[in-house]
file my_file_6.cif (mmCIF, C-alpha atoms)
data_query
loop_
_atom_site.group_PDB
_atom_site.id
_atom_site.type_symbol
_atom_site.label_atom_id
_atom_site.label_comp_id
_atom_site.auth_asym_id
_atom_site.auth_seq_id
_atom_site.Cartn_x
_atom_site.Cartn_y
_atom_site.Cartn_z
ATOM 1 C CA GLN A 1 0.000 0.000 0.000
ATOM 2 C CA VAL A 2 1.398 3.360 -1.030
ATOM 3 C CA GLN A 3 1.353 6.086 1.598
ATOM 4 C CA LEU A 4 0.540 9.560 0.314
ATOM 5 C CA VAL A 5 0.752 12.887 2.149
ATOM 6 C CA GLU A 6 -0.623 16.111 0.691
ATOM 7 C CA SER A 7 0.203 19.710 1.557
ATOM 8 C CA GLY A 8 -0.275 23.178 0.158
ATOM 9 C CA GLY A 9 -3.965 23.749 0.660
ATOM 10 C CA GLY A 10 -5.342 26.967 2.052
ATOM 11 C CA SER A 11 -7.820 29.783 1.651
ATOM 12 C CA VAL A 12 -7.693 32.113 -1.329
ATOM 13 C CA GLN A 13 -9.973 34.560 -3.048
ATOM 14 C CA SER A 14 -11.635 33.879 -6.365
ATOM 15 C CA GLY A 15 -9.072 34.093 -9.145
ATOM 16 C CA GLY A 16 -6.203 33.137 -6.858
ATOM 17 C CA SER A 17 -3.726 30.293 -7.095
ATOM 18 C CA LEU A 18 -2.420 27.466 -4.969
ATOM 19 C CA ARG A 19 0.162 24.740 -5.493
ATOM 20 C CA LEU A 20 -0.572 21.397 -3.915
ATOM 21 C CA SER A 21 2.123 18.814 -3.257
ATOM 22 C CA CYS A 22 1.925 15.101 -2.663
ATOM 23 C CA VAL A 23 4.773 12.995 -1.340
ATOM 24 C CA ALA A 24 4.460 9.246 -1.812
ATOM 25 C CA THR A 25 6.388 6.371 -0.284
ATOM 26 C CA GLU A 26 6.676 5.099 -3.856
ATOM 27 C CA THR A 27 5.178 5.989 -7.192
ATOM 28 C CA ARG A 28 2.782 3.969 -9.248
ATOM 29 C CA TYR A 29 2.067 3.835 -12.961
ATOM 30 C CA CYS A 30 -0.825 6.253 -12.488
ATOM 31 C CA MET A 31 -0.824 9.183 -10.095
ATOM 32 C CA GLY A 32 -3.637 11.665 -9.777
ATOM 33 C CA TRP A 33 -5.703 14.142 -7.822
ATOM 34 C CA PHE A 34 -9.292 13.836 -6.672
ATOM 35 C CA ARG A 35 -11.520 16.176 -4.707
ATOM 36 C CA GLN A 36 -14.624 16.028 -2.570
ATOM 37 C CA ALA A 37 -16.787 18.958 -1.612
ATOM 38 C CA PRO A 38 -19.146 18.825 1.388
ATOM 39 C CA GLY A 39 -22.291 16.929 0.516
ATOM 40 C CA LYS A 40 -20.951 15.834 -2.854
ATOM 41 C CA GLU A 41 -19.336 12.681 -4.184
ATOM 42 C CA ARG A 42 -15.625 12.476 -4.751
ATOM 43 C CA GLU A 43 -14.661 13.388 -8.301
ATOM 44 C CA GLY A 44 -11.520 13.063 -10.328
ATOM 45 C CA VAL A 45 -9.529 16.188 -11.134
ATOM 46 C CA VAL A 46 -6.610 14.801 -13.138
ATOM 47 C CA ILE A 47 -4.697 11.562 -13.614
ATOM 48 C CA GLN A 48 -1.303 11.078 -15.194
ATOM 49 C CA ALA A 49 0.518 7.953 -16.296
ATOM 50 C CA SER A 50 4.258 7.540 -15.983
ATOM 51 C CA ASP A 51 4.487 7.729 -19.790
ATOM 52 C CA GLY A 52 3.064 11.242 -19.669
ATOM 53 C CA ARG A 53 -0.484 10.588 -20.752
ATOM 54 C CA THR A 54 -2.775 12.943 -18.861
ATOM 55 C CA THR A 55 -6.514 13.249 -18.457
ATOM 56 C CA TYR A 56 -8.141 16.286 -16.880
ATOM 57 C CA ALA A 57 -11.742 16.549 -15.784
ATOM 58 C CA SER A 58 -13.833 18.774 -18.020
ATOM 59 C CA PHE A 59 -14.357 21.353 -15.286
ATOM 60 C CA VAL A 60 -10.608 22.068 -15.156
ATOM 61 C CA ARG A 61 -10.749 23.935 -18.492
ATOM 62 C CA GLY A 62 -7.012 24.642 -18.562
ATOM 63 C CA ARG A 63 -6.884 26.135 -15.068
ATOM 64 C CA PHE A 64 -4.994 23.310 -13.312
ATOM 65 C CA HIS A 65 -1.708 21.629 -14.175
ATOM 66 C CA ILE A 66 -0.287 18.368 -12.864
ATOM 67 C CA SER A 67 3.376 17.501 -12.710
ATOM 68 C CA ARG A 68 5.314 14.691 -11.113
ATOM 69 C CA ASP A 69 8.916 14.074 -10.138
ATOM 70 C CA ASP A 70 9.258 10.325 -9.800
ATOM 71 C CA ALA A 71 12.867 10.659 -8.640
ATOM 72 C CA LYS A 72 11.508 12.451 -5.572
ATOM 73 C CA ASN A 73 8.266 10.454 -5.343
ATOM 74 C CA THR A 74 6.482 13.792 -5.469
ATOM 75 C CA MET A 75 3.535 15.072 -7.455
ATOM 76 C CA TYR A 76 2.191 18.597 -7.760
ATOM 77 C CA LEU A 77 -1.063 20.232 -8.744
ATOM 78 C CA GLN A 78 -0.958 23.892 -9.758
ATOM 79 C CA LEU A 79 -4.363 25.476 -9.272
ATOM 80 C CA ASP A 80 -4.928 28.782 -11.091
ATOM 81 C CA SER A 81 -7.991 30.950 -11.662
ATOM 82 C CA LEU A 82 -9.687 29.324 -8.699
ATOM 83 C CA LYS A 83 -13.443 29.625 -8.299
ATOM 84 C CA PRO A 84 -15.643 29.216 -5.209
ATOM 85 C CA GLU A 85 -16.957 25.969 -6.688
ATOM 86 C CA ASP A 86 -13.407 24.578 -6.507
ATOM 87 C CA THR A 87 -13.698 24.532 -2.720
ATOM 88 C CA ALA A 88 -13.101 20.939 -1.645
ATOM 89 C CA MET A 89 -10.767 18.499 0.054
ATOM 90 C CA TYR A 90 -8.127 17.596 -2.506
ATOM 91 C CA SER A 91 -6.412 14.242 -2.180
ATOM 92 C CA CYS A 92 -3.754 12.589 -4.234
ATOM 93 C CA ALA A 93 -3.988 8.999 -5.351
ATOM 94 C CA ALA A 94 -1.992 6.248 -6.975
ATOM 95 C CA GLY A 95 -2.863 3.134 -8.883
ATOM 96 C CA PHE A 96 -1.866 0.607 -11.521
ATOM 97 C CA GLY A 97 -4.260 1.630 -14.290
ATOM 98 C CA PHE A 98 -4.828 4.773 -16.320
ATOM 99 C CA ARG A 99 -8.526 5.112 -15.624
ATOM 100 C CA TRP A 100 -10.231 7.165 -12.944
ATOM 101 C CA HIS A 101 -11.240 4.171 -10.820
ATOM 102 C CA GLU A 102 -7.944 2.349 -11.428
ATOM 103 C CA CYS A 103 -5.829 5.323 -10.369
ATOM 104 C CA GLN A 104 -7.000 5.531 -6.774
ATOM 105 C CA GLN A 105 -6.065 2.206 -5.206
ATOM 106 C CA SER A 106 -4.182 4.256 -2.625
ATOM 107 C CA ARG A 107 -5.261 7.700 -1.506
ATOM 108 C CA GLY A 108 -4.006 10.320 0.927
ATOM 109 C CA GLN A 109 -5.935 12.113 3.669
ATOM 110 C CA GLY A 110 -6.239 15.286 1.659
ATOM 111 C CA THR A 111 -5.584 19.001 1.941
ATOM 112 C CA GLN A 112 -8.380 21.570 2.127
ATOM 113 C CA VAL A 113 -8.788 24.215 -0.556
ATOM 114 C CA THR A 114 -11.233 27.024 0.180
ATOM 115 C CA VAL A 115 -12.020 29.715 -2.375
ATOM 116 C CA SER A 116 -14.018 32.762 -1.358
ATOM 117 C CA SER A 117 -15.872 35.067 -3.716
#

call {"tool": "encode", "arguments": {"input": "my_file_6.cif", "output": "structure tokens"}}
result
Amino acid sequence: QVQLVESGGGSVQSGGSLRLSCVATETRYCMGWFRQAPGKEREGVVIQASDGRTTYASFVRGRFHISRDDAKNTMYLQLDSLKPEDTAMYSCAAGFGFRWHECQQSRGQGTQVTVSS
């Protein structure tokens, strides 16, 4: 089981930016970010395979960017042009397959992102 620890969350105003980090005990073929807002189901934000293939959720619309440094077992999520509806607990995940449900066999506790209008 991969252990994942996120950091970098916080409170920003609409239009602001945050950079989330995720340190893993080891990397997997697929690494990604998911989020869950209060009262809503968890949803995928972005997943990335070790070969560089990347899938973003439609709501990202070019505002977020994932990167990973496998040598450091670290993954990042740059959040730009944040909106109040982006408020959620963001967690990183790892898995063996490049599909949303296959890329979250292990998941961290999460880091809170709050965007005010």

call {"tool": "resolve_selection", "arguments": {"input": "my_file_6.cif", "expression": "the PyMOL selection byres ((chain A and resi 56) around 10)", "output": "MDAnalysis selection string"}}
result
chainID A and resid 32:33 44:48 54:55 57:62 64:66

call {"tool": "closest_residue", "arguments": {"input": "my_file_6.cif", "among": "A:Tyr90, A:Gln36, A:Gly95, A:Glu41", "to": "Val5 of chain A", "atoms": "all atoms listed in the file"}}
result
A:Tyr90

call {"tool": "closest_residue", "arguments": {"input": "my_file_6.cif", "among": "A:Gln104, A:Ser81, A:Gln1, A:Ser7", "to": "Met31 of chain A", "atoms": "all atoms listed in the file"}}
result
A:Gln104

call {"tool": "resolve_selection", "arguments": {"input": "my_file_6.cif", "expression": "the PyMOL selection byres ((chain A and resi 67-69) around 10)", "output": "JSON list (two decimals) with C-alpha atoms, in the coordinates of the input"}}
result
[["chain", "number", "residue", "atom", "x", "y", "z"],
["A", 21, "SER", "CA", 2.12, 18.81, -3.26],
["A", 22, "CYS", "CA", 1.92, 15.10, -2.66],
["A", 23, "VAL", "CA", 4.77, 13.00, -1.34],
["A", 27, "THR", "CA", 5.18, 5.99, -7.19],
["A", 31, "MET", "CA", -0.82, 9.18, -10.10],
["A", 32, "GLY", "CA", -3.64, 11.66, -9.78],
["A", 48, "GLN", "CA", -1.30, 11.08, -15.19],
["A", 49, "ALA", "CA", 0.52, 7.95, -16.30],
["A", 50, "SER", "CA", 4.26, 7.54, -15.98],
["A", 52, "GLY", "CA", 3.06, 11.24, -19.67],
["A", 54, "THR", "CA", -2.78, 12.94, -18.86],
["A", 65, "HIS", "CA", -1.71, 21.63, -14.18],
["A", 66, "ILE", "CA", -0.29, 18.37, -12.86],
["A", 70, "ASP", "CA", 9.26, 10.32, -9.80],
["A", 71, "ALA", "CA", 12.87, 10.66, -8.64],
["A", 72, "LYS", "CA", 11.51, 12.45, -5.57],
["A", 73, "ASN", "CA", 8.27, 10.45, -5.34],
["A", 74, "THR", "CA", 6.48, 13.79, -5.47],
["A", 75, "MET", "CA", 3.54, 15.07, -7.46],
["A", 76, "TYR", "CA", 2.19, 18.60, -7.76],
["A", 77, "LEU", "CA", -1.06, 20.23, -8.74],
["A", 78, "GLN", "CA", -0.96, 23.89, -9.76]]

call {"tool": "resolve_selection", "arguments": {"input": "my_file_6.cif", "expression": "the PyMOL selection byres ((chain A and resi 4) around 7)", "output": "list in words"}}
result
Val2, Gln3, Val5, Glu6, Cys22, Val23, Ala24, Thr25, Cys92, Arg107 and Gly108 of chain A

call {"tool": "axis_aligned_box", "arguments": {"input": "my_file_6.cif", "around": "segment 6-24 of chain A", "padding_each_side": "3 Å", "output": "AutoDock Vina command-line options"}}
result
--center_x -3.4 --center_y 21.9 --center_z -3.5 --size_x 22.4 --size_y 31.3 --size_z 17.2

call {"tool": "atom_distance", "arguments": {"input": "my_file_6.cif", "atom1": "atom CA of Val12 of chain A", "atom2": "atom CA of Phe34 of chain A"}}
result
19.1 Å

call {"tool": "closest_residue", "arguments": {"input": "my_file_6.cif", "among": "A:Ser17, A:Gly9, A:Cys30, A:Arg42", "to": "Ala93 of chain A", "atoms": "only C-alpha atoms"}}
result
A:Cys30

call {"tool": "residues_near_point", "arguments": {"input": "my_file_6.cif", "point": "(1.6, 1.3, -8.9)", "cutoff": "6 Å", "atoms": "all atoms listed in the file", "output": "list in words"}}
result
Arg28, Tyr29, Gly95 and Phe96 of chain A

call {"tool": "atom_distance", "arguments": {"input": "my_file_6.cif", "atom1": "atom CA of Gly110 of chain A", "atom2": "atom CA of Ala37 of chain A"}}
result
11.6 Å

call {"tool": "closest_residue", "arguments": {"input": "my_file_6.cif", "among": "A:Ser106, A:Ser116, A:Gly97, A:Ser11", "to": "Glu26 of chain A", "atoms": "only C-alpha atoms"}}
result
A:Ser106

call {"tool": "closest_residue", "arguments": {"input": "my_file_6.cif", "among": "A:Leu20, A:Thr114, A:Gln105, A:Glu43", "to": "Glu85 of chain A", "atoms": "only C-alpha atoms"}}
result
A:Thr114

call {"tool": "atom_distance", "arguments": {"input": "my_file_6.cif", "atom1": "atom CA of Gln13 of chain A", "atom2": "atom CA of Met89 of chain A"}}
result
16.4 Å

call {"tool": "closest_residue", "arguments": {"input": "my_file_6.cif", "among": "A:Arg63, A:Gly10, A:Gly15, A:Arg35", "to": "Gln109 of chain A", "atoms": "all atoms listed in the file"}}
result
A:Arg35

call {"tool": "residues_around", "arguments": {"input": "my_file_6.cif", "residues": "Ser117 of chain A", "least_positions_apart": "2", "cutoff": "8 Å", "atoms": "all atoms listed in the file", "output": "MDAnalysis selection string"}}
result
chainID A and resid 13:14 83:84 115

call {"tool": "decode", "arguments": {"input": "my_file_6.cif", "residues": "segment 81-100 of chain A", "atoms": "N, CA and C atoms", "output": "CSV table (one decimal), in the first residue's frame"}}
result
chain,number,residue,atom,x,y,z
A,81,SER,N,-6.6,30.4,-11.4
A,81,SER,CA,-8.0,30.9,-11.7
A,81,SER,C,-9.0,30.2,-10.8
A,82,LEU,N,-8.8,30.1,-9.6
A,82,LEU,CA,-9.7,29.3,-8.7
A,82,LEU,C,-11.0,30.0,-8.6
A,83,LYS,N,-12.1,29.2,-8.4
A,83,LYS,CA,-13.4,29.6,-8.3
A,83,LYS,C,-14.0,29.1,-7.0
A,84,PRO,N,-15.0,29.7,-6.4
A,84,PRO,CA,-15.6,29.2,-5.2
A,84,PRO,C,-16.1,27.8,-5.3
A,85,GLU,N,-16.5,27.4,-6.5
A,85,GLU,CA,-17.0,26.0,-6.7
A,85,GLU,C,-15.8,25.0,-6.7
A,86,ASP,N,-14.6,25.5,-6.6
A,86,ASP,CA,-13.4,24.6,-6.5
A,86,ASP,C,-13.1,24.2,-5.0
A,87,THR,N,-13.9,24.8,-4.1
A,87,THR,CA,-13.7,24.5,-2.7
A,87,THR,C,-14.0,23.1,-2.5
A,88,ALA,N,-13.0,22.4,-1.9
A,88,ALA,CA,-13.1,20.9,-1.6
A,88,ALA,C,-11.9,20.4,-0.9
A,89,MET,N,-11.9,19.2,-0.5
A,89,MET,CA,-10.8,18.5,0.1
A,89,MET,C,-10.1,17.8,-1.1
A,90,TYR,N,-8.9,18.2,-1.4
A,90,TYR,CA,-8.1,17.6,-2.5
A,90,TYR,C,-7.2,16.5,-2.0
A,91,SER,N,-7.3,15.3,-2.6
A,91,SER,CA,-6.4,14.2,-2.2
A,91,SER,C,-5.7,13.7,-3.4
A,92,CYS,N,-4.5,13.2,-3.2
A,92,CYS,CA,-3.8,12.6,-4.2
A,92,CYS,C,-3.9,11.1,-4.2
A,93,ALA,N,-3.7,10.4,-5.3
A,93,ALA,CA,-4.0,9.0,-5.4
A,93,ALA,C,-3.0,8.3,-6.3
A,94,ALA,N,-2.9,7.0,-6.1
A,94,ALA,CA,-2.0,6.2,-7.0
A,94,ALA,C,-2.6,4.9,-7.3
A,95,GLY,N,-2.3,4.4,-8.5
A,95,GLY,CA,-2.9,3.1,-8.9
A,95,GLY,C,-2.1,2.5,-10.1
A,96,PHE,N,-2.6,1.3,-10.5
A,96,PHE,CA,-1.9,0.6,-11.5
A,96,PHE,C,-2.4,0.8,-12.9
A,97,GLY,N,-3.6,1.5,-13.0
A,97,GLY,CA,-4.3,1.6,-14.3
A,97,GLY,C,-4.6,3.1,-14.6
A,98,PHE,N,-4.6,3.4,-15.9
A,98,PHE,CA,-4.8,4.8,-16.3
A,98,PHE,C,-6.3,5.0,-16.6
A,99,ARG,N,-7.1,4.8,-15.6
A,99,ARG,CA,-8.5,5.1,-15.6
A,99,ARG,C,-8.9,5.7,-14.3
A,100,TRP,N,-9.9,6.5,-14.2
A,100,TRP,CA,-10.2,7.2,-12.9
A,100,TRP,C,-10.3,6.2,-11.8
